[in-house]
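Here's data.txt, which has compact mmCIF, C-alpha atoms:
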```
# COMPACT_ATOMS: atom_id res chain seq x y z
CA MET A 785 7.14 70.52 49.81
CA ASN A 786 5.41 67.95 47.62
CA THR A 787 1.72 68.47 46.88
CA ILE A 788 -0.68 65.80 45.65
CA ALA A 789 -4.26 66.55 44.61
CA VAL A 790 -6.82 63.90 45.52
CA LEU A 791 -9.92 64.19 43.34
CA THR A 792 -12.82 62.09 44.63
CA HIS A 793 -16.53 62.21 43.86
CA SER A 794 -17.35 63.58 47.31
CA LYS A 795 -14.49 66.06 47.77
CA ASN A 796 -11.26 67.30 46.23
CA TYR A 797 -8.34 68.09 48.52
CA TYR A 798 -4.59 68.47 48.70
CA VAL A 799 -2.01 66.41 50.54
CA HIS A 800 1.10 68.47 51.38
CA ILE A 801 4.25 66.56 52.35
CA GLY A 802 7.34 68.29 53.73
CA THR A 803 9.11 69.56 56.82
CA GLY A 804 7.88 72.36 59.07
CA LEU A 805 4.24 72.06 58.01
CA LEU A 806 2.88 71.93 61.57
CA ASP A 807 4.10 75.48 62.10
CA CYS A 808 2.19 76.54 58.96
CA ALA A 809 -0.99 74.60 59.76
CA GLY A 810 -3.08 77.72 60.27
CA GLU A 811 -1.99 79.51 57.11
CA LEU A 812 -2.32 76.39 54.95
CA SER A 813 -5.71 75.46 56.42
CA LEU A 814 -7.18 78.86 55.55
CA THR A 815 -7.12 77.79 51.92
CA ARG A 816 -9.80 75.17 52.69
CA CYS A 817 -11.38 75.96 56.06
CA ALA A 818 -13.11 79.00 57.57
CA PRO A 819 -11.46 80.62 60.59
CA GLY A 820 -13.42 80.30 63.80
CA PRO A 821 -14.05 77.60 66.42
CA ALA A 822 -11.78 74.59 66.04
CA VAL A 823 -10.88 71.52 68.05
CA VAL A 824 -7.43 69.96 67.83
CA VAL A 825 -7.74 66.27 68.72
CA SER A 826 -4.48 64.67 69.81
CA ASP A 827 -3.32 61.90 72.09
CA SER A 828 -1.33 61.82 75.31
CA ASN A 829 1.92 60.96 73.49
CA VAL A 830 1.70 63.43 70.61
CA ALA A 831 0.10 66.45 72.30
CA PRO A 832 3.11 67.29 74.54
CA LEU A 833 5.36 67.24 71.47
CA TYR A 834 3.40 69.17 68.86
CA ALA A 835 0.06 70.53 70.08
CA SER A 836 1.37 73.92 71.21
CA ARG A 837 2.92 74.56 67.78
CA VAL A 838 -0.29 73.70 65.97
CA VAL A 839 -2.50 75.69 68.34
CA LYS A 840 -0.22 78.72 67.99
CA SER A 841 -0.30 78.52 64.20
CA LEU A 842 -4.07 78.14 64.09
CA ALA A 843 -4.65 81.03 66.49
CA GLY A 844 -2.36 83.23 64.41
CA ALA A 845 -4.45 82.49 61.33
CA GLY A 846 -7.75 83.44 62.96
CA PHE A 847 -8.95 80.10 64.28
CA SER A 848 -10.09 79.73 67.89
CA PRO A 849 -8.52 76.35 68.69
CA GLU A 850 -9.21 74.19 71.73
CA LEU A 851 -7.11 71.13 72.49
CA TYR A 852 -8.82 67.80 73.22
CA VAL A 853 -6.42 65.06 74.38
CA ILE A 854 -7.31 61.36 74.30
CA PRO A 855 -5.34 58.50 75.87
CA ALA A 856 -2.83 57.03 73.42
CA GLY A 857 -3.71 53.62 72.06
CA GLU A 858 -6.36 51.65 70.20
CA SER A 859 -8.69 51.68 73.22
CA SER A 860 -9.54 55.30 72.43
CA LYS A 861 -11.36 54.18 69.27
CA SER A 862 -14.47 53.47 71.34
CA ALA A 863 -18.10 54.56 71.33
CA GLY A 864 -17.67 56.21 74.72
CA ARG A 865 -14.70 58.25 73.57
CA LEU A 866 -16.54 59.26 70.38
CA LEU A 867 -19.58 60.51 72.31
CA ALA A 868 -17.35 62.39 74.75
CA LEU A 869 -15.61 64.15 71.86
CA LEU A 870 -18.93 65.04 70.20
CA SER A 871 -20.19 66.50 73.48
CA TYR A 872 -17.01 68.53 73.82
CA MET A 873 -17.48 69.89 70.30
CA ALA A 874 -21.02 70.95 71.21
CA GLN A 875 -19.78 72.61 74.39
CA GLN A 876 -17.35 74.65 72.26
CA ARG A 877 -20.35 75.83 70.21
CA MET A 878 -18.91 74.43 67.03
CA THR A 879 -20.97 74.79 63.86
CA ARG A 880 -20.88 73.22 60.41
CA ASN A 881 -18.30 75.85 59.48
CA SER A 882 -15.98 74.82 62.32
CA THR A 883 -13.00 72.53 61.85
CA VAL A 884 -11.68 69.40 63.54
CA PHE A 885 -7.90 68.94 63.32
CA ALA A 886 -6.56 65.42 63.87
CA LEU A 887 -3.01 65.69 65.22
CA GLY A 888 -1.47 62.25 65.67
CA GLY A 889 -1.58 58.73 64.32
CA GLY A 890 -4.27 56.51 62.90
CA VAL A 891 -6.29 56.18 66.10
CA THR A 892 -6.59 59.95 66.43
CA GLY A 893 -7.41 60.40 62.75
CA ASP A 894 -10.04 57.64 62.75
CA LEU A 895 -11.79 58.96 65.87
CA ALA A 896 -11.58 62.66 64.98
CA GLY A 897 -12.66 61.99 61.40
CA LEU A 898 -15.70 60.04 62.51
CA ALA A 899 -16.65 62.82 64.93
CA ALA A 900 -16.23 65.42 62.17
CA SER A 901 -18.44 63.40 59.82
CA LEU A 902 -21.22 63.03 62.41
CA TYR A 903 -21.32 66.41 64.14
CA MET A 904 -24.10 68.45 62.52
CA ARG A 905 -23.80 65.95 59.64
CA GLY A 906 -20.34 67.16 58.77
CA THR A 907 -17.81 69.80 59.76
CA GLY A 908 -14.43 70.79 58.40
CA PHE A 909 -11.73 68.18 58.87
CA VAL A 910 -7.94 68.44 58.54
CA GLN A 911 -5.53 65.54 58.98
CA LEU A 912 -2.13 66.28 60.58
CA PRO A 913 -0.51 62.82 60.67
CA THR A 914 2.52 62.56 62.93
CA SER A 915 3.13 58.82 62.58
CA LEU A 916 4.61 57.19 59.50
CA LEU A 917 1.74 54.70 59.44
CA ALA A 918 -0.91 57.43 59.36
CA ALA A 919 1.01 59.42 56.76
CA VAL A 920 1.13 56.60 54.22
CA ASP A 921 -2.23 55.05 55.00
CA SER A 922 -5.09 56.26 57.16
CA SER A 923 -4.76 60.04 56.69
CA VAL A 924 -5.61 59.73 52.98
CA GLY A 925 -8.72 58.09 51.58
CA GLY A 926 -11.52 59.12 53.90
CA LYS A 927 -12.05 56.03 56.05
CA THR A 928 -13.05 56.82 59.64
CA ALA A 929 -14.00 54.33 62.35
CA ILE A 930 -14.21 53.17 65.91
CA ASP A 931 -13.93 49.60 67.17
CA LEU A 932 -16.47 47.39 68.89
CA ALA A 933 -15.71 44.55 71.28
CA GLU A 934 -16.70 42.26 68.41
CA GLY A 935 -14.13 43.61 65.96
CA LYS A 936 -11.98 46.41 64.59
CA ASN A 937 -13.38 49.36 62.58
CA LEU A 938 -16.94 48.01 62.58
CA VAL A 939 -18.53 51.47 62.98
CA GLY A 940 -17.42 54.19 60.61
CA THR A 941 -18.02 56.43 57.63
CA PHE A 942 -16.35 57.51 54.42
CA TYR A 943 -15.50 61.17 55.01
CA GLN A 944 -12.71 62.75 53.00
CA PRO A 945 -10.60 65.41 54.77
CA ASP A 946 -10.46 68.97 53.51
CA LEU A 947 -6.68 68.95 53.73
CA VAL A 948 -3.80 66.70 54.77
CA LEU A 949 -0.58 68.21 56.11
CA CYS A 950 2.15 65.62 56.53
CA ASP A 951 5.11 67.10 58.39
CA THR A 952 7.89 64.56 57.87
CA GLY A 953 9.90 66.27 60.61
CA ALA A 954 7.56 64.63 63.12
CA PHE A 955 8.92 61.21 62.21
CA SER A 956 12.21 62.06 63.94
CA THR A 957 10.54 61.65 67.34
CA LEU A 958 8.97 58.28 66.56
CA PRO A 959 10.16 55.28 68.59
CA GLU A 960 11.88 52.64 66.49
CA GLN A 961 8.86 50.36 66.81
CA GLN A 962 6.58 53.02 65.32
CA THR A 963 8.89 53.54 62.36
CA ALA A 964 8.78 49.79 61.73
CA ASN A 965 5.00 49.94 62.14
CA GLY A 966 4.81 52.37 59.23
CA PHE A 967 7.05 50.25 57.06
CA GLY A 968 4.57 47.41 57.37
CA GLU A 969 2.08 49.48 55.35
CA ILE A 970 4.78 50.85 53.04
CA ILE A 971 5.93 47.35 52.09
CA LYS A 972 2.28 46.43 51.58
CA THR A 973 1.84 49.34 49.18
CA GLY A 974 4.86 48.25 47.18
CA MET A 975 3.66 44.66 47.07
CA ILE A 976 0.26 45.54 45.67
CA CYS A 977 1.32 47.73 42.74
CA ASP A 978 4.89 49.10 42.70
CA GLU A 979 7.88 46.76 42.66
CA LYS A 980 10.31 49.69 42.66
CA LEU A 981 8.77 51.05 45.86
CA PHE A 982 8.90 47.56 47.34
CA ASP A 983 12.60 47.23 46.54
CA THR A 984 13.37 50.66 48.00
CA ALA A 985 11.39 49.95 51.16
CA SER A 986 12.89 46.48 51.59
CA HIS A 987 16.19 47.80 52.94
CA ALA A 988 16.71 48.81 56.55
CA GLU A 989 18.21 52.14 55.47
CA ALA A 990 15.07 53.06 53.49
CA VAL A 991 14.19 55.61 56.18
CA ARG A 992 16.78 57.90 54.60
CA HIS A 993 14.39 58.36 51.68
CA ILE A 994 11.27 58.79 53.77
CA GLY A 995 9.98 61.92 52.02
CA GLU A 996 10.06 60.27 48.62
CA ILE A 997 8.59 57.05 50.01
CA VAL A 998 5.66 58.82 51.67
CA THR A 999 4.99 60.80 48.51
CA ARG A 1000 4.93 57.66 46.38
CA CYS A 1001 2.62 55.86 48.83
CA VAL A 1002 0.19 58.79 48.78
CA GLU A 1003 0.30 58.89 44.97
CA ILE A 1004 -0.61 55.20 44.84
CA LYS A 1005 -3.40 55.49 47.36
CA LYS A 1006 -4.75 58.58 45.56
CA SER A 1007 -4.94 56.70 42.27
CA ILE A 1008 -6.85 53.84 43.88
CA VAL A 1009 -9.21 55.99 45.97
CA GLU A 1010 -10.08 58.22 43.03
CA ARG A 1011 -11.24 55.20 41.04
CA ASP A 1012 -12.99 53.39 43.90
CA GLU A 1013 -13.70 55.85 46.68
CA ARG A 1014 -16.09 53.71 48.74
CA GLU A 1015 -14.71 50.26 47.93
CA THR A 1016 -17.72 49.47 45.74
CA GLY A 1017 -15.84 48.70 42.54
CA GLY A 1018 -13.48 46.21 44.10
CA LEU A 1019 -10.22 47.98 43.24
CA ARG A 1020 -9.79 49.57 46.66
CA GLN A 1021 -9.88 46.11 48.19
CA ILE A 1022 -6.28 45.55 47.10
CA LEU A 1023 -5.29 47.96 49.90
CA ASN A 1024 -6.43 45.18 52.25
CA PHE A 1025 -3.51 42.92 51.33
CA GLY A 1026 -2.44 41.29 54.59
CA HIS A 1027 -5.35 42.81 56.50
CA THR A 1028 -7.79 39.89 56.62
CA PHE A 1029 -5.34 37.74 58.59
CA GLY A 1030 -3.70 40.83 60.10
CA HIS A 1031 -6.91 42.12 61.68
CA ALA A 1032 -7.50 38.65 63.11
CA ILE A 1033 -4.04 38.71 64.69
CA GLU A 1034 -4.73 42.21 66.00
CA LYS A 1035 -7.99 41.12 67.61
CA CYS A 1036 -6.43 37.97 69.12
CA SER A 1037 -3.71 40.13 70.67
CA GLY A 1038 -6.34 42.29 72.34
CA PHE A 1039 -5.17 45.12 70.06
CA ALA A 1040 -1.87 45.14 71.94
CA MET A 1041 0.13 44.36 68.79
CA PRO A 1042 0.70 47.40 66.52
CA HIS A 1043 -1.35 47.52 63.32
CA GLY A 1044 1.64 47.54 60.96
CA PHE A 1045 3.12 44.52 62.72
CA CYS A 1046 -0.17 42.64 62.35
CA VAL A 1047 -0.40 43.55 58.67
CA ALA A 1048 3.18 42.35 58.20
CA ALA A 1049 2.38 38.98 59.75
CA GLY A 1050 -0.84 38.82 57.72
CA MET A 1051 1.05 39.52 54.47
CA ALA A 1052 3.60 36.85 55.30
CA LEU A 1053 0.90 34.26 56.06
CA ILE A 1054 -1.07 34.81 52.86
CA THR A 1055 2.12 34.90 50.75
CA LYS A 1056 3.43 31.67 52.28
CA ALA A 1057 0.07 30.07 51.50
CA CYS A 1058 0.15 31.38 47.93
CA ALA A 1059 3.66 30.04 47.41
CA ARG A 1060 2.58 26.63 48.67
CA LYS A 1061 -0.48 26.68 46.38
CA GLY A 1062 1.55 27.81 43.35
CA ILE A 1063 -0.11 31.23 43.09
CA CYS A 1064 3.21 33.03 43.54
CA SER A 1065 6.80 31.86 43.49
CA ALA A 1066 8.87 30.79 46.46
CA GLU A 1067 11.19 33.69 45.58
CA THR A 1068 8.33 36.18 46.04
CA CYS A 1069 7.65 34.76 49.47
CA LEU A 1070 11.30 34.93 50.44
CA ARG A 1071 11.66 38.52 49.18
CA LEU A 1072 8.66 39.66 51.21
CA CYS A 1073 9.74 37.90 54.40
CA THR A 1074 13.28 39.29 54.03
CA ALA A 1075 11.94 42.83 53.58
CA LEU A 1076 9.78 42.49 56.69
CA ARG A 1077 12.61 41.07 58.77
CA ASN A 1078 14.89 43.91 57.68
CA HIS A 1079 12.54 46.27 59.54
CA GLY A 1080 12.07 44.04 62.56
CA LEU A 1081 8.57 43.03 61.48
CA PRO A 1082 7.07 39.58 62.16
CA VAL A 1083 6.57 36.93 59.49
CA SER A 1084 4.55 34.53 61.63
CA THR A 1085 2.25 34.39 64.65
CA ASP A 1086 1.80 32.12 67.65
CA PHE A 1087 -1.99 32.21 67.41
CA SER A 1088 -3.61 29.03 66.15
CA ALA A 1089 -5.66 28.63 62.99
CA GLY A 1090 -8.77 28.16 65.13
CA GLU A 1091 -8.20 31.36 67.09
CA LEU A 1092 -7.50 33.39 63.96
CA PHE A 1093 -10.41 31.93 62.00
CA ASP A 1094 -12.85 32.76 64.80
CA ALA A 1095 -11.52 36.32 64.84
CA MET A 1096 -11.93 36.55 61.06
CA MET A 1097 -15.64 35.84 61.37
CA SER A 1098 -16.24 39.35 62.76
CA ASP A 1099 -14.16 41.10 60.11
CA LYS A 1100 -16.18 43.59 58.06
CA LYS A 1101 -14.51 42.28 54.88
CA ARG A 1102 -16.53 39.05 55.16
CA ALA A 1103 -19.66 38.92 52.99
CA GLY A 1104 -21.96 36.13 54.10
CA GLY A 1105 -20.24 32.85 53.38
CA THR A 1106 -17.34 34.31 51.42
CA VAL A 1107 -14.23 36.35 52.04
CA THR A 1108 -12.30 38.41 49.48
CA LEU A 1109 -8.61 37.61 49.81
CA ILE A 1110 -5.87 39.69 48.19
CA LEU A 1111 -3.38 37.20 46.79
CA PRO A 1112 0.18 38.14 45.75
CA ARG A 1113 1.40 37.12 42.32
CA ALA A 1114 4.76 38.93 42.51
CA PRO A 1115 6.05 42.12 44.11
CA GLY A 1116 3.92 44.87 42.57
CA ARG A 1117 1.11 42.56 41.45
CA VAL A 1118 -1.83 41.05 43.34
CA GLU A 1119 -5.24 39.63 42.51
CA ARG A 1120 -8.61 39.74 44.26
CA ARG A 1121 -10.28 36.40 44.84
CA SER A 1122 -13.58 35.67 46.54
CA VAL A 1123 -13.29 32.38 48.41
CA SER A 1124 -15.52 30.30 50.64
CA LEU A 1125 -14.91 30.26 54.36
CA ASP A 1126 -13.48 26.74 54.05
CA GLU A 1127 -11.05 27.96 51.37
CA ALA A 1128 -10.09 30.94 53.54
CA ARG A 1129 -9.32 28.56 56.39
CA SER A 1130 -7.20 26.48 54.00
CA PHE A 1131 -5.15 29.56 53.08
CA LEU A 1132 -4.76 30.36 56.76
CA GLU A 1133 -3.62 26.86 57.69
CA ASP A 1134 -1.17 26.73 54.79
CA GLY A 1135 0.25 30.12 55.77
CA LEU A 1136 0.79 29.00 59.34
CA SER A 1137 2.52 25.76 58.36
CA ALA A 1138 4.58 26.80 55.33
CA PRO A 1139 8.22 27.92 55.57
CA GLU A 1140 9.39 31.32 54.31
CA SER A 1141 10.89 29.83 51.20
CA ALA A 1142 7.70 27.79 50.68
CA PRO A 1143 9.15 25.39 48.08
CA GLN A 1144 6.57 24.04 45.65
```

Give the structure from this file in structure tokens form.
Amino acid sequence: MNTIAVLTHSKNYYVHIGTGLLDCAGELSLTRCAPGPAVVVSDSNVAPLYASRVVKSLAGAGFSPELYVIPAGESSKSAGRLLALLSYMAQQRMTRNSTVFALGGGVTGDLAGLAASLYMRGTGFVQLPTSLLAAVDSSVGGKTAIDLAEGKNLVGTFYQPDLVLCDTGAFSTLPEQQTANGFGEIIKTGMICDEKLFDTASHAEAVRHIGEIVTRCVEIKKSIVERDERETGGLRQILNFGHTFGHAIEKCSGFAMPHGFCVAAGMALITKACARKGICSAETCLRLCTALRNHGLPVSTDFSAGELFDAMMSDKKRAGGTVTLILPRAPGRVERRSVSLDEARSFLEDGLSAPESAPQ
């Protein structure tokens, strides 16, 4: 088991990465959470696979766990679902000393985390990510959210978990598409600050090294979150590489396209644009697109510049008449640049029209 300490201004916690951790969830959680009433939030895909193991472990450690199952999919990140979960927590007579356990992927973690942050102004919260995407991204860093019809993640809080238990054994049951979904964020992490990670993740057989890859991704996110917990200093914005265009693609798809796939297409678009504008080399663009294709991830989209630009207008990353874009310089190196909306549209149009090799 690998253990990483995350030391933020609001809370310090550990991320444990290894196999068999779901069966030890109760024992490990006692180090950070008080036994007593607990709600395990999971979805309709994950709960049949792992909920009984987690509930058994928690009960054995002195918790009184109740299982709350939500429908799988982005649609569960809604205001109605959030209020229903909060009401359920009240019905279970949960207190500030109670704990919410998020068992599943990013949707479950975002919803459960937001509920934990709001109920009685904050209860215990443990992340149990079962998807590769959640393990390397949303389970660490404290972002919680639900969606509105107007855009993704528009309502949320910063609320660090008390503990993260990443059981890599759960990845063995992931559909191939969900493994690829996770590699979208892994490749992103390598692109922003670790060329070695990028090279490792670029190959289709990278899944053989998944424990080491997850550990490295968490180490990178830890180092960024510790220095810029609430995205006020600007550094944490580099984690949004590919997300400005990616979220627009996600919204245009009606949230039917997986997040990691949208981020992949978003990364490809901004990198093609940067190659055309001379911000990065054509080789950088080709390396990224090759890495994405090796995992079956998209490097383009059928949505038009107009459709995507309209979707971008509701993105929370927009500040008035400007947008902060994360621009690649080379694998492992990016820059933050605040641009006008007209400039952002220019990047978008160039990304849609440029080839993968993007010769200058």

What's around Met785 in chain A at 9 Å? Count all atoms listed in the file, leave out sequence neighbours fewer than 4 positions away in its own chain, and write the answer as an MDAnalysis selection string. chainID A and resid 800:803 805

Please save C-alpha atoms of the selected residues as an mmCIF file, keeping the file's coordinate frame.
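This went into selection_19.cif:
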```cif
data_model
loop_
_atom_site.group_PDB
_atom_site.id
_atom_site.type_symbol
_atom_site.label_atom_id
_atom_site.label_comp_id
_atom_site.auth_asym_id
_atom_site.auth_seq_id
_atom_site.Cartn_x
_atom_site.Cartn_y
_atom_site.Cartn_z
ATOM 1 C CA HIS A 800 1.100 68.470 51.380
ATOM 2 C CA ILE A 801 4.250 66.560 52.350
ATOM 3 C CA GLY A 802 7.340 68.290 53.730
ATOM 4 C CA THR A 803 9.110 69.560 56.820
ATOM 5 C CA LEU A 805 4.240 72.060 58.010
#
```

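Using all atoms listed in the file for every distance, the candidate list A:Gly857, A:Gly935, A:Gly1050, A:Gly926 yields A:Gly926 as the residue closest to Arg1014 in chain A.
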
Select from range 943-1014 of chain A every residue with an atom at most 8 Å from any atom of range 886-910 of chain A, then for each give the shortest pair of atoms and their distance in Å to one decimal, using only C-alpha atoms, rows by chain and rising number, as a Markdown table.
```
| residue | atom | partner | partner_atom | distance |
| --- | --- | --- | --- | --- |
| A:Tyr943 | CA | A:Ser901 | CA | 6.1 |
| A:Pro945 | CA | A:Phe909 | CA | 5.1 |
| A:Asp946 | CA | A:Phe909 | CA | 5.6 |
| A:Leu947 | CA | A:Val910 | CA | 5.0 |
| A:Val948 | CA | A:Val910 | CA | 5.9 |
| A:Leu949 | CA | A:Val910 | CA | 7.8 |
```

Report the distance between CA of Cys1036 in chain A and CA of Lys936 in chain A in Å, rounded to one decimal place. 11.1 Å

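Among the candidates A:Leu1132, A:Phe982, A:Ile997, A:Ile1033, the one nearest to Asp1086 in chain A when counting all atoms listed in the file is A:Ile1033.
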
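You will find CA of Arg1077 in chain A at 11.3 Å from CA of Ile971 in chain A.
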
Pick from A:Ser836, A:Thr1068, A:Ser1037, A:Gln1021 nearest to Arg1121 in chain A, counting only C-alpha atoms: A:Gln1021

Give the answer as one residue: which of A:Ser871, A:Ser922, A:Ser813, A:Asn829 has the shortest atom-to-atom distance to Ala843 in chain A, using all atoms listed in the file? A:Ser813

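Closest approach to Ala1095 in chain A from the set A:Ala988, A:Ala1032, A:Met975, A:Leu791 is made by A:Ala1032, with distances taken over all atoms listed in the file.
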
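In terms of minimum interatomic distance to Cys950 in chain A, A:Ser915 ranks closest within A:Thr883, A:Ser915, A:Ser1098, A:Thr1108, counting all atoms listed in the file.
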
So what do you get for CA of Lys795 in chain A versus CA of Leu938 in chain A, distance-wise? 23.5 Å

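The list of residues with at least one atom within 9 Å of Gly940 in chain A, based on only C-alpha atoms and without residues fewer than 5 positions apart in the same chain, reads Asp894, Leu898, Lys927, Thr928, Ala929, Ile930 and Asp931 of chain A.
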
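Once Cys977 in chain A and its same-chain neighbours fewer than 4 positions away are set aside, Thr973, Gly1116 and Arg1117 of chain A remain within 7 Å of it when counting only C-alpha atoms.
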
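Residues lying within 9 Å of Ala1114 in chain A, counting only C-alpha atoms and ignoring same-chain neighbours fewer than 6 positions away, are Met975, Ile976, Glu979, Cys1064, Ser1065, Glu1067, Thr1068 and Cys1069 of chain A.
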
As a VMD selection string, please: the residues near Phe885 in chain A (cut-off 7 Å, all atoms listed in the file, same-chain neighbours under 4 positions excluded). chain A and resid 823 to 825 909 to 912

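With only C-alpha atoms taken into account, every residue lying no more than 10 Å from the file point (-2.4, 39.6, 58.5) is included here: A:Asn1024, A:Phe1025, A:Gly1026, A:His1027, A:Thr1028, A:Phe1029, A:Gly1030, A:His1031, A:Ala1032, A:Ile1033, A:Glu1034, A:His1043, A:Gly1044, A:Phe1045, A:Cys1046, A:Val1047, A:Ala1048, A:Ala1049, A:Gly1050, A:Met1051, A:Ala1052, A:Leu1053, A:Ile1054, A:Val1083, A:Ser1084, A:Thr1085, A:Leu1092, A:Leu1132.
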